[in-house]
$ cat coords_2.txt   # compact mmCIF, C-alpha atoms
# COMPACT_ATOMS: atom_id res chain seq x y z
CA GLN L 1 51.34 -86.95 -99.08
CA VAL L 2 48.75 -89.33 -97.62
CA GLN L 3 45.82 -86.92 -97.52
CA PRO L 4 43.53 -87.82 -100.40
CA VAL L 5 42.27 -85.29 -102.93
CA GLU L 6 38.85 -85.79 -104.50
CA SER L 7 37.73 -84.58 -107.91
CA GLY L 8 34.99 -85.13 -110.45
CA GLY L 9 32.00 -83.67 -108.67
CA GLY L 10 29.48 -81.45 -110.39
CA TRP L 11 25.87 -81.06 -111.40
CA VAL L 12 23.98 -83.72 -113.32
CA GLN L 13 20.34 -84.43 -114.03
CA PRO L 14 18.58 -87.41 -112.44
CA GLY L 15 19.43 -90.59 -114.26
CA GLY L 16 22.85 -89.30 -115.24
CA SER L 17 26.32 -90.49 -114.35
CA LEU L 18 29.46 -89.11 -112.75
CA ARG L 19 32.84 -90.58 -111.96
CA LEU L 20 34.62 -89.36 -108.87
CA SER L 21 38.35 -89.74 -108.45
CA CYS L 22 40.48 -89.88 -105.33
CA ALA L 23 44.23 -89.35 -105.53
CA ALA L 24 46.73 -89.96 -102.75
CA SER L 25 50.44 -90.43 -102.75
CA PRO L 26 51.64 -92.52 -99.87
CA ARG L 27 54.88 -94.31 -100.63
CA VAL L 28 53.00 -97.61 -100.83
CA PHE L 29 49.38 -97.19 -101.91
CA GLY L 30 48.31 -100.82 -102.13
CA ILE L 31 48.30 -101.46 -98.39
CA PHE L 32 45.46 -99.05 -97.65
CA ASN L 33 41.70 -99.44 -97.51
CA ILE L 34 39.63 -96.70 -99.13
CA ASP L 35 36.15 -95.45 -98.34
CA TRP L 36 33.84 -93.09 -100.15
CA SER L 37 31.36 -91.36 -97.85
CA ARG L 38 28.88 -88.57 -98.46
CA GLN L 39 27.13 -85.89 -96.49
CA ALA L 40 23.95 -84.20 -97.59
CA PRO L 41 22.97 -80.81 -96.13
CA GLY L 42 21.57 -81.29 -92.63
CA ASN L 43 22.45 -84.98 -92.57
CA GLN L 44 25.18 -87.03 -90.98
CA ARG L 45 28.01 -88.36 -93.07
CA GLU L 46 27.22 -91.84 -94.39
CA LEU L 47 29.46 -94.54 -95.77
CA VAL L 48 28.76 -95.21 -99.45
CA ALA L 49 31.40 -97.69 -100.60
CA THR L 50 34.57 -99.41 -99.42
CA ILE L 51 37.40 -101.14 -101.22
CA THR L 52 39.96 -102.99 -99.14
CA TYR L 53 43.66 -103.39 -99.91
CA THR L 54 42.77 -106.88 -101.21
CA GLY L 55 40.19 -105.46 -103.60
CA ARG L 56 37.12 -106.57 -101.70
CA THR L 57 34.23 -104.14 -102.06
CA ASN L 58 31.18 -103.25 -100.03
CA TYR L 59 28.32 -100.84 -100.69
CA ALA L 60 25.53 -99.09 -98.85
CA ASP L 61 22.15 -100.58 -99.73
CA SER L 62 21.06 -97.25 -101.19
CA VAL L 63 23.72 -97.39 -103.94
CA LYS L 64 24.06 -101.11 -104.67
CA GLY L 65 23.75 -101.81 -108.36
CA ARG L 66 24.30 -98.16 -109.26
CA PHE L 67 27.74 -97.28 -107.86
CA THR L 68 31.03 -99.06 -108.44
CA ILE L 69 34.22 -98.45 -106.48
CA SER L 70 37.54 -99.42 -108.02
CA ARG L 71 41.22 -98.80 -107.49
CA ASP L 72 44.36 -98.53 -109.59
CA ASP L 73 47.28 -99.03 -107.24
CA ALA L 74 49.86 -98.28 -109.92
CA LYS L 75 48.34 -94.83 -110.42
CA LYS L 76 47.51 -94.44 -106.72
CA MET L 77 43.91 -93.67 -107.61
CA VAL L 78 40.47 -94.78 -106.45
CA TYR L 79 37.31 -94.18 -108.43
CA LEU L 80 33.60 -94.10 -107.72
CA GLN L 81 31.49 -94.63 -110.82
CA MET L 82 27.98 -93.41 -110.11
CA ASN L 83 25.15 -94.30 -112.50
CA ALA L 84 21.39 -93.80 -112.43
CA LEU L 85 21.87 -90.87 -110.10
CA LYS L 86 18.99 -89.68 -107.94
CA PRO L 87 18.36 -86.35 -106.21
CA GLU L 88 18.99 -88.09 -102.89
CA ASP L 89 22.55 -88.80 -104.01
CA THR L 90 23.27 -85.08 -103.68
CA GLY L 91 25.95 -84.21 -101.18
CA VAL L 92 29.62 -83.70 -100.57
CA TYR L 93 31.55 -86.88 -101.30
CA TYR L 94 34.64 -87.64 -99.24
CA CYS L 95 37.48 -90.06 -99.77
CA ARG L 96 39.16 -91.69 -96.81
CA ILE L 97 42.40 -93.65 -96.89
CA TYR L 98 43.23 -95.74 -93.85
CA ALA L 99 45.14 -98.66 -92.40
CA SER L 100 45.08 -99.00 -88.63
CA ARG L 101 48.17 -101.17 -88.52
CA TYR L 102 50.15 -98.28 -90.00
CA GLY L 103 48.46 -95.54 -87.99
CA VAL L 104 47.02 -93.87 -91.08
CA ASP L 105 43.51 -92.46 -91.25
CA SER L 106 43.14 -89.47 -93.53
CA TRP L 107 40.16 -87.73 -95.13
CA GLY L 108 40.02 -85.47 -98.15
CA ASN L 109 38.18 -82.17 -98.28
CA GLY L 110 35.38 -83.50 -100.44
CA THR L 111 33.82 -82.84 -103.82
CA LEU L 112 30.26 -81.62 -104.28
CA VAL L 113 27.76 -83.68 -106.26
CA THR L 114 24.41 -82.12 -107.13
CA ILE L 115 21.61 -84.08 -108.74
CA SER L 116 18.67 -82.00 -109.88
CA SER L 117 16.60 -81.19 -112.90
$ encode --input "coords_2.txt" --output "structure tokens"
Amino acid sequence: QVQPVESGGGWVQPGGSLRLSCAASPRVFGIFNIDWSRQAPGNQRELVATITYTGRTNYADSVKGRFTISRDDAKKMVYLQMNALKPEDTGVYYCRIYASRYGVDSWGNGTLVTISS
């Protein structure tokens, strides 16, 4: 099952934290790159964070210093630790697992994150 499944979304007040999880079960997990993207109501989906199969990470400017993406290949899990959350972080967060050389590009159904007081 390559399609990822997200979890961990919910409601939190501004300044709070959440940790999102992404689970996928390809036979070999460590060869894939993983993205977290988000989509706020009325907006286009935007890339938030990436972790490559080598462990290299990249972040959108809007979340640098607040979000951390990590992976545990043994557990076939990817995490997005989100701190100092802002109302503009509200949206549906999607996990994507992909590796063009293997013809894999699969999105999850998303998990909703709501930041409000």
$ atom_distance --input "coords_2.txt" --atom1 "atom CA of Ile51 of chain L" --atom2 "atom CA of Gly91 of chain L"
20.4 Å
$ atom_distance --input "coords_2.txt" --atom1 "atom CA of Met77 of chain L" --atom2 "atom CA of Cys22 of chain L"
5.6 Å
$ atom_distance --input "coords_2.txt" --atom1 "atom CA of Arg66 of chain L" --atom2 "atom CA of Ser25 of chain L"
28.0 Å
$ closest_residue --input "coords_2.txt" --among "L:Asn109, L:Ser100, L:Thr90, L:Ser116" --to "Gly42 of chain L" --atoms "only C-alpha atoms"
L:Thr90
$ residues_around --input "coords_2.txt" --residues "Asn58 of chain L" --least-positions-apart "6" --cutoff "10 Å" --atoms "all atoms listed in the file" --output "ChimeraX atom specification"
/L:35,47-52,64,68-69
$ closest_residue --input "coords_2.txt" --among "L:Ile31, L:Ile115, L:Ala60, L:Leu20" --to "Asp89 of chain L" --atoms "only C-alpha atoms"
L:Ile115
$ residues_around --input "coords_2.txt" --residues "segment 1-11 of chain L" --least-positions-apart "2" --cutoff "9 Å" --atoms "all atoms listed in the file" --output "PyMOL selection string"
chain L and resi 13+18-27+29+92-97+104-116
$ closest_residue --input "coords_2.txt" --among "L:Ser17, L:Ser37, L:Gly30, L:Thr57" --to "Ala74 of chain L" --atoms "all atoms listed in the file"
L:Gly30
$ closest_residue --input "coords_2.txt" --among "L:Leu80, L:Tyr102, L:Val63, L:Ser117" --to "Glu46 of chain L" --atoms "all atoms listed in the file"
L:Val63
$ closest_residue --input "coords_2.txt" --among "L:Arg38, L:Gly103, L:Asn33, L:Ser70" --to "Tyr53 of chain L" --atoms "all atoms listed in the file"
L:Asn33
